[in-house]
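Chemist: You'll find query.cif just under this line, and it carries mmCIF, C-alpha atoms.
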data_query
#
loop_
_atom_site.label_atom_id
_atom_site.label_comp_id
_atom_site.auth_asym_id
_atom_site.auth_seq_id
_atom_site.Cartn_x
_atom_site.Cartn_y
_atom_site.Cartn_z
CA MET A 1 -188.60 30.10 -198.22
CA PRO A 2 -185.91 27.41 -197.71
CA LEU A 3 -185.52 24.74 -200.37
CA GLY A 4 -185.84 21.01 -200.11
CA LEU A 5 -183.23 18.99 -202.01
CA TYR A 6 -183.87 15.55 -203.46
CA LEU A 7 -181.07 13.34 -204.78
CA SER A 8 -182.07 10.28 -206.78
CA VAL A 9 -179.82 7.24 -206.34
CA PRO A 10 -181.07 4.56 -208.76
CA PHE A 11 -178.81 1.73 -207.59
CA CYS A 12 -180.09 -1.41 -205.86
CA ARG A 13 -178.73 -4.74 -204.64
CA THR A 14 -181.58 -6.42 -206.49
CA LYS A 15 -184.68 -5.23 -208.36
CA CYS A 16 -187.86 -5.96 -206.40
CA SER A 17 -190.70 -7.40 -208.45
CA PHE A 18 -193.14 -4.64 -207.43
CA CYS A 19 -190.76 -1.78 -208.23
CA ASN A 20 -191.82 0.62 -210.99
CA PHE A 21 -189.07 3.22 -210.51
CA ALA A 22 -186.04 4.14 -212.58
CA SER A 23 -183.71 1.91 -210.59
CA GLY A 24 -181.78 -1.31 -210.95
CA VAL A 25 -178.52 -3.19 -210.43
CA PHE A 26 -175.53 -1.41 -212.00
CA SER A 27 -171.75 -1.75 -211.98
CA ARG A 28 -169.51 0.05 -209.50
CA GLU A 29 -167.93 1.87 -212.44
CA LEU A 30 -171.33 3.34 -213.27
CA HIS A 31 -171.75 4.36 -209.62
CA GLU A 32 -168.64 6.52 -209.94
CA ARG A 33 -169.80 8.13 -213.19
CA TYR A 34 -173.19 8.87 -211.68
CA ILE A 35 -171.81 10.46 -208.51
CA THR A 36 -169.59 12.71 -210.64
CA HIS A 37 -172.68 13.66 -212.65
CA LEU A 38 -174.65 14.46 -209.49
CA GLU A 39 -171.83 16.64 -208.19
CA ARG A 40 -171.93 18.58 -211.45
CA GLU A 41 -175.71 18.99 -211.27
CA ILE A 42 -175.57 20.24 -207.68
CA ARG A 43 -172.86 22.77 -208.45
CA GLY A 44 -174.88 24.01 -211.42
CA ALA A 45 -178.11 24.42 -209.45
CA GLU A 46 -178.26 28.21 -209.58
CA ALA A 47 -177.65 28.31 -213.34
CA LEU A 48 -180.30 25.59 -213.77
CA ALA A 49 -182.87 27.64 -211.86
CA ARG A 50 -182.20 30.64 -214.10
CA LYS A 51 -182.43 28.48 -217.22
CA MET A 52 -185.81 27.17 -216.07
CA ASP A 53 -187.05 30.70 -215.22
CA GLY A 54 -187.29 29.84 -211.54
CA ARG A 55 -186.20 31.71 -208.44
CA PHE A 56 -183.16 30.21 -206.76
CA GLU A 57 -182.86 29.93 -203.00
CA ARG A 58 -179.56 28.96 -201.38
CA THR A 59 -180.91 28.10 -197.91
CA VAL A 60 -181.97 24.46 -197.44
CA ASP A 61 -184.02 22.93 -194.61
CA SER A 62 -184.51 19.39 -195.93
CA ILE A 63 -182.36 16.93 -197.87
CA TYR A 64 -183.59 13.56 -199.05
CA LEU A 65 -181.55 10.82 -200.74
CA GLY A 66 -183.99 8.37 -202.30
CA GLY A 67 -183.91 5.66 -204.86
CA GLY A 68 -183.21 2.97 -205.48
CA THR A 69 -181.10 2.22 -202.46
CA PRO A 70 -178.71 5.04 -201.51
CA SER A 71 -177.28 2.84 -198.76
CA VAL A 72 -175.50 0.69 -201.38
CA LEU A 73 -173.21 3.64 -202.16
CA GLU A 74 -169.64 3.59 -200.88
CA ALA A 75 -168.76 5.89 -198.01
CA ASP A 76 -166.70 8.12 -200.28
CA HIS A 77 -169.63 8.61 -202.64
CA LEU A 78 -171.96 9.68 -199.83
CA GLN A 79 -169.35 12.03 -198.44
CA ARG A 80 -168.80 13.63 -201.84
CA LEU A 81 -172.51 14.23 -202.35
CA PHE A 82 -172.97 15.93 -199.01
CA ALA A 83 -169.79 17.95 -199.51
CA ALA A 84 -171.15 19.19 -202.85
CA ILE A 85 -174.43 20.16 -201.21
CA ARG A 86 -172.76 22.08 -198.40
CA GLU A 87 -170.44 23.79 -200.86
CA LYS A 88 -173.35 25.12 -202.93
CA PHE A 89 -176.11 25.56 -200.35
CA ILE A 90 -176.54 26.88 -196.83
CA VAL A 91 -177.91 23.91 -194.89
CA MET A 92 -179.84 25.06 -191.83
CA ARG A 93 -178.63 23.78 -188.49
CA ASP A 94 -181.92 21.95 -187.80
CA ALA A 95 -182.40 20.70 -191.36
CA GLU A 96 -184.04 17.31 -191.78
CA VAL A 97 -181.54 15.07 -193.61
CA THR A 98 -182.99 11.72 -194.72
CA VAL A 99 -181.40 8.76 -196.48
CA GLU A 100 -183.43 5.80 -197.72
CA CYS A 101 -181.83 2.52 -196.68
CA ALA A 102 -182.56 -1.12 -197.40
CA PRO A 103 -182.54 -3.37 -194.35
CA GLY A 104 -179.42 -5.49 -194.52
CA THR A 105 -177.18 -2.65 -195.69
CA LEU A 106 -176.84 -0.75 -192.41
CA SER A 107 -173.39 -1.80 -191.29
CA THR A 108 -171.66 0.02 -188.46
CA GLU A 109 -169.41 1.65 -191.06
CA LEU A 110 -172.38 2.94 -193.05
CA ILE A 111 -174.08 4.34 -189.97
CA ASP A 112 -170.85 6.11 -189.00
CA THR A 113 -170.72 7.60 -192.50
CA LEU A 114 -174.32 8.76 -192.31
CA LYS A 115 -173.66 10.41 -188.97
CA SER A 116 -170.53 12.15 -190.27
CA CYS A 117 -172.55 13.49 -193.22
CA GLY A 118 -175.15 15.03 -190.92
CA VAL A 119 -177.92 12.49 -191.60
CA ASN A 120 -180.52 12.59 -188.82
CA ARG A 121 -183.36 10.58 -190.35
CA VAL A 122 -183.43 7.16 -192.04
CA SER A 123 -186.26 5.71 -194.12
CA LEU A 124 -186.29 1.91 -194.14
CA GLY A 125 -187.96 0.00 -196.97
CA VAL A 126 -189.22 -2.84 -194.79
CA GLN A 127 -192.50 -3.52 -196.68
CA SER A 128 -193.39 -6.46 -194.39
CA PHE A 129 -192.25 -8.03 -191.12
CA VAL A 130 -193.29 -11.44 -192.46
CA ASP A 131 -190.27 -13.10 -194.10
CA GLN A 132 -192.31 -15.05 -196.65
CA GLU A 133 -193.95 -11.87 -197.95
CA SER A 134 -190.65 -9.98 -198.16
CA LYS A 135 -188.92 -12.84 -199.93
CA SER A 136 -191.76 -13.26 -202.43
CA VAL A 137 -191.09 -9.81 -203.94
CA GLY A 138 -187.30 -10.08 -203.92
CA ARG A 139 -186.42 -8.34 -200.66
CA LEU A 140 -183.19 -9.67 -199.18
CA HIS A 141 -183.81 -8.95 -195.50
CA THR A 142 -185.60 -10.75 -192.69
CA ARG A 143 -187.60 -9.49 -189.73
CA ASN A 144 -184.63 -10.08 -187.43
CA ILE A 145 -182.34 -7.99 -189.64
CA VAL A 146 -184.85 -5.12 -189.56
CA LEU A 147 -185.12 -5.17 -185.78
CA THR A 148 -181.35 -5.40 -185.34
CA GLU A 149 -180.70 -2.44 -187.62
CA ILE A 150 -183.39 -0.23 -186.04
CA ALA A 151 -181.71 -0.91 -182.69
CA ARG A 152 -178.28 -0.18 -184.20
CA LEU A 153 -179.53 3.15 -185.55
CA ALA A 154 -180.97 4.06 -182.14
CA ASP A 155 -177.67 3.20 -180.44
CA SER A 156 -175.91 5.58 -182.84
CA GLY A 157 -178.32 8.41 -182.00
CA ILE A 158 -180.45 8.20 -185.14
CA THR A 159 -183.90 7.66 -183.63
CA ASN A 160 -185.90 9.50 -186.30
CA VAL A 161 -186.66 6.42 -188.38
CA SER A 162 -189.47 5.86 -190.88
CA VAL A 163 -190.65 2.38 -191.89
CA ASP A 164 -192.43 1.64 -195.17
CA LEU A 165 -195.10 -1.06 -195.30
CA ILE A 166 -196.96 -2.29 -198.38
CA ALA A 167 -200.51 -3.63 -198.26
CA GLY A 168 -201.27 -6.20 -200.95
CA LEU A 169 -198.05 -8.23 -201.12
CA PRO A 170 -198.17 -11.88 -202.21
CA TYR A 171 -199.28 -14.27 -199.44
CA GLN A 172 -200.51 -11.39 -197.26
CA THR A 173 -203.53 -12.13 -195.09
CA ALA A 174 -205.48 -10.15 -192.53
CA GLU A 175 -203.54 -12.01 -189.81
CA SER A 176 -200.11 -11.44 -191.33
CA TRP A 177 -200.90 -7.77 -191.96
CA ALA A 178 -201.96 -7.35 -188.33
CA TYR A 179 -198.65 -8.95 -187.33
CA SER A 180 -196.67 -6.41 -189.39
CA LEU A 181 -198.62 -3.56 -187.81
CA ASP A 182 -197.99 -4.93 -184.33
CA GLU A 183 -194.29 -5.30 -185.10
CA VAL A 184 -193.85 -1.77 -186.44
CA LEU A 185 -195.59 -0.38 -183.37
CA ALA A 186 -193.36 -2.46 -181.10
CA THR A 187 -190.23 -0.94 -182.68
CA GLY A 188 -191.31 2.50 -181.47
CA VAL A 189 -190.25 4.19 -184.73
CA PRO A 190 -191.82 7.66 -184.97
CA HIS A 191 -192.92 7.49 -188.62
CA VAL A 192 -194.68 4.87 -190.75
CA SER A 193 -195.69 5.00 -194.42
CA VAL A 194 -198.36 2.61 -195.71
CA TYR A 195 -198.81 2.09 -199.42
CA MET A 196 -201.19 -0.11 -201.36
CA LEU A 197 -199.51 -2.26 -203.98
CA GLU A 198 -199.61 -0.50 -207.31
CA VAL A 199 -200.52 -2.66 -210.28
CA ASP A 200 -199.31 -1.27 -213.61
CA GLU A 201 -197.19 -2.12 -216.63
CA ASP A 202 -194.06 -0.58 -215.13
CA SER A 203 -193.21 -3.45 -212.79
CA ARG A 204 -192.70 -7.17 -213.37
CA LEU A 205 -195.28 -8.11 -210.76
CA GLY A 206 -197.76 -5.58 -212.14
CA ARG A 207 -197.43 -6.91 -215.69
CA GLU A 208 -197.88 -10.48 -214.47
CA LEU A 209 -201.00 -9.54 -212.51
CA ILE A 210 -202.49 -7.77 -215.51
CA ALA A 211 -201.74 -10.84 -217.66
CA GLY A 212 -203.33 -13.16 -215.10
CA GLY A 213 -200.13 -15.18 -214.73
CA THR A 214 -198.40 -16.89 -211.83
CA ARG A 215 -194.81 -15.66 -212.05
CA TYR A 216 -193.47 -13.55 -209.16
CA HIS A 217 -196.16 -15.15 -206.93
CA ALA A 218 -198.78 -13.00 -208.67
CA HIS A 219 -201.53 -15.57 -208.02
CA HIS A 220 -201.01 -15.06 -204.29
CA VAL A 221 -201.61 -11.29 -204.35
CA PRO A 222 -204.72 -10.29 -202.37
CA ASP A 223 -207.57 -8.79 -204.37
CA ASP A 224 -208.24 -5.05 -204.41
CA ASP A 225 -211.00 -5.19 -201.80
CA LEU A 226 -208.83 -7.09 -199.34
CA THR A 227 -205.90 -4.74 -199.93
CA ALA A 228 -208.20 -1.79 -199.22
CA ASP A 229 -209.30 -3.52 -196.02
CA PHE A 230 -205.64 -3.80 -195.00
CA TYR A 231 -205.17 -0.08 -195.55
CA VAL A 232 -208.25 0.79 -193.48
CA ALA A 233 -207.03 -1.54 -190.73
CA ALA A 234 -203.63 0.18 -190.75
CA CYS A 235 -205.25 3.59 -190.35
CA ALA A 236 -207.29 2.38 -187.38
CA VAL A 237 -204.47 0.52 -185.62
CA LEU A 238 -201.79 3.17 -186.08
CA ASN A 239 -204.07 6.05 -185.08
CA ALA A 240 -205.24 4.15 -182.00
CA ASN A 241 -201.63 3.67 -180.91
CA GLY A 242 -200.40 7.22 -181.22
CA VAL A 243 -198.99 7.05 -184.74
CA ARG A 244 -201.36 9.58 -186.23
CA GLN A 245 -202.26 9.76 -189.90
CA TYR A 246 -201.43 13.15 -191.40
CA GLU A 247 -201.52 12.29 -195.11
CA ILE A 248 -203.06 9.54 -197.22
CA SER A 249 -200.03 7.27 -196.86
CA ASN A 250 -198.17 8.74 -193.91
CA PHE A 251 -198.41 8.43 -190.12
CA ALA A 252 -196.27 9.93 -187.36
CA ARG A 253 -195.89 10.19 -183.62
CA SER A 254 -195.74 13.43 -181.71
CA GLY A 255 -192.77 14.33 -179.57
CA GLU A 256 -189.69 16.53 -179.63
CA SER A 257 -188.85 17.08 -183.30
CA HIS A 258 -188.32 19.72 -185.96
CA ILE A 259 -191.95 20.43 -186.89
CA SER A 260 -192.47 22.59 -183.81
CA GLN A 261 -189.44 24.66 -184.84
CA MET A 262 -190.55 25.45 -188.38
CA THR A 263 -190.32 29.06 -189.45
CA GLY A 264 -191.80 31.32 -192.09
CA ASP A 265 -194.77 30.37 -194.24
CA MET A 266 -194.68 26.71 -193.27
CA GLU A 267 -195.03 27.59 -189.59
CA HIS A 268 -198.02 29.79 -190.44
CA GLN A 269 -199.64 26.90 -192.29
CA VAL A 270 -198.89 24.43 -189.52
CA THR A 271 -199.98 26.54 -186.56
CA GLN A 272 -203.15 27.86 -188.15
CA ALA A 273 -204.35 24.37 -189.06
CA PRO A 274 -204.99 21.21 -187.03
CA ARG A 275 -201.60 20.41 -185.59
CA LEU A 276 -199.27 18.09 -187.47
CA PRO A 277 -197.53 15.25 -185.63
CA SER A 278 -194.06 16.49 -184.74
CA PHE A 279 -192.35 13.63 -186.58
CA ALA A 280 -194.15 14.32 -189.87
CA SER A 281 -191.71 14.35 -192.78
CA ARG A 282 -190.59 17.93 -193.35
CA HIS A 283 -189.36 17.07 -196.84
CA ASN A 284 -192.56 15.43 -198.02
CA LEU A 285 -194.60 18.31 -196.60
CA LYS A 286 -192.96 20.50 -199.22
CA TYR A 287 -194.64 18.51 -201.98
CA TRP A 288 -198.09 18.74 -200.42
CA LEU A 289 -197.80 22.41 -199.43
CA ARG A 290 -196.44 23.52 -202.84
CA GLN A 291 -193.14 24.64 -201.38
CA PRO A 292 -189.93 24.83 -203.43
CA TYR A 293 -187.65 21.86 -203.98
CA LEU A 294 -184.87 20.89 -206.37
CA GLY A 295 -184.28 17.36 -207.62
CA PHE A 296 -180.99 15.99 -208.94
CA GLY A 297 -180.26 12.77 -210.82
CA VAL A 298 -182.36 10.34 -212.83
CA ASP A 299 -186.16 10.81 -212.80
CA ALA A 300 -185.87 13.72 -210.33
CA HIS A 301 -188.53 16.43 -210.21
CA SER A 302 -188.31 20.05 -209.11
CA MET A 303 -190.64 22.94 -208.38
CA LEU A 304 -189.55 26.56 -207.96
CA PRO A 305 -191.46 29.83 -207.80
CA ALA A 306 -191.59 31.25 -211.30
CA ASP A 307 -189.54 34.32 -212.03
CA ALA A 308 -192.68 36.06 -213.25
CA ASP A 309 -195.18 38.69 -212.13
CA GLU A 310 -198.08 36.24 -211.93
CA PRO A 311 -198.83 35.44 -208.26
CA ASN A 312 -198.41 31.81 -207.15
CA ALA A 313 -196.97 30.80 -210.54
CA ALA A 314 -194.31 28.10 -210.52
CA VAL A 315 -192.10 26.10 -212.83
CA ARG A 316 -191.96 22.32 -212.61
CA PHE A 317 -189.15 20.48 -214.37
CA ALA A 318 -187.86 16.94 -214.44
CA THR A 319 -184.98 14.83 -215.67
CA VAL A 320 -185.38 11.74 -217.85
CA ASP A 321 -186.11 8.39 -216.23
CA ASP A 322 -183.37 6.56 -218.14
CA LEU A 323 -179.87 6.49 -216.65
CA ASP A 324 -178.01 6.21 -219.95
CA GLN A 325 -179.94 9.12 -221.44
CA LEU A 326 -179.30 11.22 -218.33
CA LEU A 327 -175.56 10.63 -218.48
CA ALA A 328 -175.61 11.40 -222.21
CA GLY A 329 -177.00 14.87 -221.44
CA ALA A 330 -180.73 14.52 -222.13
CA PRO A 331 -182.51 17.83 -221.41
CA ARG A 332 -185.07 18.36 -218.66
CA THR A 333 -188.73 18.78 -219.44
CA LYS A 334 -190.33 21.97 -218.14
CA THR A 335 -193.91 23.00 -217.38
CA TYR A 336 -195.02 26.49 -216.43
CA VAL A 337 -197.74 26.39 -213.75
CA ASP A 338 -199.91 29.48 -214.10
CA GLU A 339 -202.25 30.85 -211.43
CA GLU A 340 -205.19 28.73 -212.57
CA HIS A 341 -203.23 25.49 -212.44
CA ALA A 342 -201.62 26.55 -209.16
CA ILE A 343 -205.10 26.71 -207.63
CA GLU A 344 -205.90 23.23 -208.88
CA GLU A 345 -202.67 21.91 -207.37
CA ALA A 346 -203.34 23.69 -204.08
CA TRP A 347 -206.70 21.91 -203.79
CA PHE A 348 -205.76 18.33 -204.55
CA LEU A 349 -202.36 18.43 -202.84
CA ALA A 350 -203.85 19.85 -199.63
CA LEU A 351 -206.61 17.26 -199.75
CA ARG A 352 -203.97 14.53 -199.51
CA MET A 353 -203.37 15.73 -195.97
CA ASN A 354 -205.74 14.81 -193.15
CA ARG A 355 -206.14 18.40 -192.06
CA GLY A 356 -207.46 19.19 -195.55
CA VAL A 357 -207.93 22.58 -197.17
CA ASP A 358 -208.04 25.65 -194.95
CA LEU A 359 -210.70 27.72 -196.71
CA SER A 360 -209.66 31.03 -195.17
CA ALA A 361 -206.02 30.45 -196.13
CA MET A 362 -207.09 29.42 -199.64
CA ALA A 363 -209.08 32.65 -200.02
CA GLU A 364 -206.18 34.71 -198.66
CA ASP A 365 -203.60 33.11 -200.95
CA TYR A 366 -205.64 32.74 -204.14
CA GLY A 367 -208.77 34.86 -203.74
CA ILE A 368 -212.34 33.93 -202.93
CA ASP A 369 -212.93 32.81 -206.52
CA ALA A 370 -210.56 29.90 -205.89
CA ILE A 371 -213.28 28.52 -203.61
CA GLU A 372 -216.37 29.69 -205.48
CA LYS A 373 -215.31 28.05 -208.75
CA TYR A 374 -215.39 24.62 -207.05
CA ARG A 375 -218.62 25.09 -205.11
CA ASP A 376 -220.57 22.60 -207.26
CA GLN A 377 -217.80 20.00 -207.10
CA LEU A 378 -217.53 20.33 -203.33
CA MET A 379 -221.28 19.92 -202.87
CA GLU A 380 -221.23 16.85 -205.10
CA LEU A 381 -218.32 15.32 -203.18
CA GLU A 382 -220.01 16.01 -199.86
CA ASN A 383 -223.27 14.46 -201.08
CA ASP A 384 -221.31 11.42 -202.28
CA GLY A 385 -219.83 10.98 -198.83
CA LEU A 386 -216.22 11.63 -199.87
CA VAL A 387 -215.40 14.87 -198.04
CA GLU A 388 -216.47 16.63 -194.87
CA LEU A 389 -216.58 20.27 -193.83
CA ASP A 390 -215.36 21.01 -190.31
CA GLU A 391 -214.60 24.42 -188.78
CA GLY A 392 -213.47 26.03 -191.99
CA PHE A 393 -211.59 23.01 -193.34
CA ILE A 394 -212.61 20.64 -196.13
CA ARG A 395 -210.98 17.24 -195.84
CA LEU A 396 -211.30 13.71 -197.15
CA ASN A 397 -213.04 11.22 -194.91
CA GLU A 398 -212.08 7.54 -194.76
CA ARG A 399 -214.05 6.70 -197.90
CA GLY A 400 -212.61 9.72 -199.69
CA ARG A 401 -209.05 8.61 -198.96
CA LEU A 402 -209.76 5.22 -200.51
CA LEU A 403 -211.24 6.91 -203.59
CA SER A 404 -208.89 9.89 -203.63
CA ASN A 405 -208.28 9.80 -207.39
CA THR A 406 -212.01 10.32 -207.92
CA VAL A 407 -211.88 13.35 -205.65
CA PHE A 408 -208.72 14.86 -207.15
CA GLU A 409 -210.08 14.68 -210.68
CA LYS A 410 -212.91 17.02 -209.68
CA PHE A 411 -210.36 19.80 -209.30
CA LEU A 412 -208.67 19.25 -212.65
CA VAL A 413 -211.11 21.40 -214.57
CA ASN A 414 -208.82 22.37 -217.42
CA ALA A 415 -206.99 19.72 -219.39
CA GLY A 416 -203.37 20.54 -220.04
CA PRO A 417 -199.82 19.25 -219.73
CA THR A 418 -199.61 20.01 -216.01
CA ASN A 419 -202.79 18.07 -215.28
CA ALA A 420 -201.94 15.17 -217.55
CA GLU A 421 -198.44 14.63 -216.22
CA LEU A 422 -198.34 15.87 -212.62
CA ARG A 423 -197.36 13.26 -210.05
CA ILE A 424 -196.40 13.41 -206.43
CA THR A 425 -192.77 12.76 -207.09
CA ASN A 426 -189.29 12.25 -205.70
CA ALA A 427 -189.21 11.00 -202.12
CA GLU A 428 -192.97 10.57 -202.00
CA ARG A 429 -193.12 8.28 -205.05
CA ARG A 430 -193.34 4.81 -203.60
CA PRO A 431 -194.97 1.56 -204.71
CA GLY A 432 -198.71 1.73 -204.27
CA ILE A 433 -199.08 5.48 -203.92
CA LEU A 434 -202.30 6.73 -205.46
CA LYS A 435 -201.43 8.72 -208.55
CA VAL A 436 -203.33 11.87 -209.45
CA LEU A 437 -204.16 10.69 -212.95
CA LYS A 438 -203.58 7.39 -214.65
#
Have the structure of the file written as structure tokens, please.

Modeler:
Amino acid sequence: MPLGLYLSVPFCRTKCSFCNFASGVFSRELHERYITHLEREIRGAEALARKMDGRFERTVDSIYLGGGTPSVLEADHLQRLFAAIREKFIVMRDAEVTVECAPGTLSTELIDTLKSCGVNRVSLGVQSFVDQESKSVGRLHTRNIVLTEIARLADSGITNVSVDLIAGLPYQTAESWAYSLDEVLATGVPHVSVYMLEVDEDSRLGRELIAGGTRYHAHHVPDDDLTADFYVAACAVLNANGVRQYEISNFARSGESHISQMTGDMEHQVTQAPRLPSFASRHNLKYWLRQPYLGFGVDAHSMLPADADEPNAAVRFATVDDLDQLLAGAPRTKTYVDEEHAIEEAWFLALRMNRGVDLSAMAEDYGIDAIEKYRDQLMELENDGLVELDEGFIRLNERGRLLSNTVFEKFLVNAGPTNAELRITNAERRPGILKVLK
């Protein structure tokens, strides 16, 4: 099965107050050192897979540069990264190639560079179309800049654009949230991600909220119930306007895109289940379908099939989340995912998707016991009004998506390092995403 590649670019123009990622503002000299490090990691990918006891695959059908803000890199740096990838891997002709960009960085020169590198999808960290809300968390763009740059991308031929929105920003109201939803629909972009603001100790805004303070406009953050209402409203509005939810945080239009051209196991999974929107993110689907991917750079995660006889076994490994430690040669952490833990992952990752778990496919891939062992949990979740059974699929309902952590924990029967540490990582790790375990 083709690989997905994720490249972490931890550099930003400014650090947003809600951000809890391994990113920040660094010198240009450090940019150069980091790009050289990434080139070395990419060229050593096959040796890394062997070292981690994983099976290496040279063919790639998705590439994702996330961060941070990859669009702050110089043209030469972007060109070097893509050259290193194409030197080491066979990139399929119809591969999805995504770069995360901050509005305000998409100059004509940058767009030309993206095009020359084969980029065909851009993910824009808009967060809000209301300037006051964006400014309150340290974003440097305005609504007008966003609209101008979406149009500039379209003029260049890059029409596969995803927009991120965050529910729960300071000063956000039901009216302002409705305005952002109307604006994103008016742009016509084919993909939208909606995240609820995540409150934890890893961001400045999160720490201030926990402390009950007023810095970073924390006292103007909507409460949890209102933020949940915003999320429910987004689901209703986007679905009603043809931007269909296919995963807890992700929505896409249908049209002419790569999903209909998928091959191999992914095509089997797509065509045998309720149909995915054609502009669904191919790269992020790899995370939810337990398909192989390699991550390079700081705080980058990987999953490969294990080079072992045990069916469905995998190896997960990750780099450190500190840039200095990474450049100093800190080793990756590694977790072996045995058959039992693979079944757990298959359940809660598939439940993130609106189509849910295909029971016949689960039985075929993992055996009937993979369903029987969770019979009591499934009955309990159905009685609690969190899941529904429909034509051989078990899926979260609206209430279940809001309380997804409660559902996922039901499938983590055995405590262990995989369960305690597993996160939906890399490109899918955004502010507000619901973590598996806290």

Chemist: Just checking: using all atoms listed in the file, which residue out of A:Asp384, A:Val192, A:Val130, A:Met362 ends up closest to A:Glu247?

Modeler: A:Val192

Chemist: Given the choices A:Tyr179, A:Phe82, A:Phe11, A:Tyr287, which gets closest to A:Val237 if the distance is worked out from only C-alpha atoms?

Modeler: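 Once distances to A:Val237 are computed over only C-alpha atoms, the minimum belongs to A:Tyr179.
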
Chemist: Written as an NGL selection string, which residues does the PyMOL selection byres ((chain A and resi 151-159) around 12) give for the file shown?

Modeler: :A and (96-99 or 101 or 103-116 or 118-124 or 144-150 or 160-163 or 186-191 or 255-257 or 279)

Chemist: Ranking A:Ala84, A:Val137, A:Cys12, A:Leu304 by minimum distance to A:Ile166 and counting only C-alpha atoms, which one comes first?

Modeler: A:Val137

Chemist: Run the PyMOL selection byres ((chain A and resi 234) around 12) against the file shown and list the residues it catches, as an NGL selection string.

Modeler: :A and (165-167 or 174 or 177-182 or 184-185 or 192-196 or 227-233 or 235-241 or 243-245 or 248-251 or 398)

Chemist: Write out as a short mmCIF file (atom, residue, chain, number, x, y, z; two decimals) with C-alpha atoms, keeping the file's coordinate frame the residues lying within 10 Å of A:Glu388, counting only C-alpha atoms and excluding same-chain residues fewer than 2 positions away.

Modeler:
data_model
loop_
_atom_site.label_atom_id
_atom_site.label_comp_id
_atom_site.auth_asym_id
_atom_site.auth_seq_id
_atom_site.Cartn_x
_atom_site.Cartn_y
_atom_site.Cartn_z
CA GLY A 356 -207.46 19.19 -195.55
CA LEU A 378 -217.53 20.33 -203.33
CA MET A 379 -221.28 19.92 -202.87
CA LEU A 381 -218.32 15.32 -203.18
CA GLU A 382 -220.01 16.01 -199.86
CA ASN A 383 -223.27 14.46 -201.08
CA GLY A 385 -219.83 10.98 -198.83
CA LEU A 386 -216.22 11.63 -199.87
CA ASP A 390 -215.36 21.01 -190.31
CA PHE A 393 -211.59 23.01 -193.34
CA ILE A 394 -212.61 20.64 -196.13
CA ARG A 395 -210.98 17.24 -195.84
CA LEU A 396 -211.30 13.71 -197.15
CA ASN A 397 -213.04 11.22 -194.91
CA GLY A 400 -212.61 9.72 -199.69
#

Chemist: Can you tell me which residues surround A:Glu100 at a distance of at most 9 Å, considering only C-alpha atoms, apart from same-chain residues fewer than 3 positions away, and format the answer as a ChimeraX atom specification?

Modeler: /A:64-71,121-125,427

Chemist: From the options A:Ala328, A:Ser254, A:Ala350, A:Asp309, which residue's atoms come nearest to A:Trp288, counting all atoms listed in the file?

Modeler: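 Result for the nearest residue to A:Trp288: A:Ala350.
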
Chemist: Build an axis-aligned box that encloses every atom of stretch 43-55 of chain A listed in the file, pad it by 8 Å on each side, and report its centre and edge lengths in Å to one decimal, as lines of an AutoDock Vina configuration file.

Modeler:
center_x = -180.1
center_y = 27.2
center_z = -212.8
size_x = 30.4
size_y = 24.9
size_z = 24.8

Chemist: Taking all atoms listed in the file into account, name the residue in A:Glu198, A:Ala95, A:Arg207, A:Leu73 that is nearest to A:Asp223.

Modeler: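 Between A:Glu198, A:Ala95, A:Arg207, A:Leu73, the residue approaching A:Asp223 most closely is A:Glu198.
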
Chemist: Kindly give the distance, in Å, that separates atom CA of A:Phe348 and atom CA of A:Leu285, rounded to a single decimal.

Modeler: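 Spanning atom CA of A:Phe348 to atom CA of A:Leu285 is a straight-line distance of 13.7 Å.
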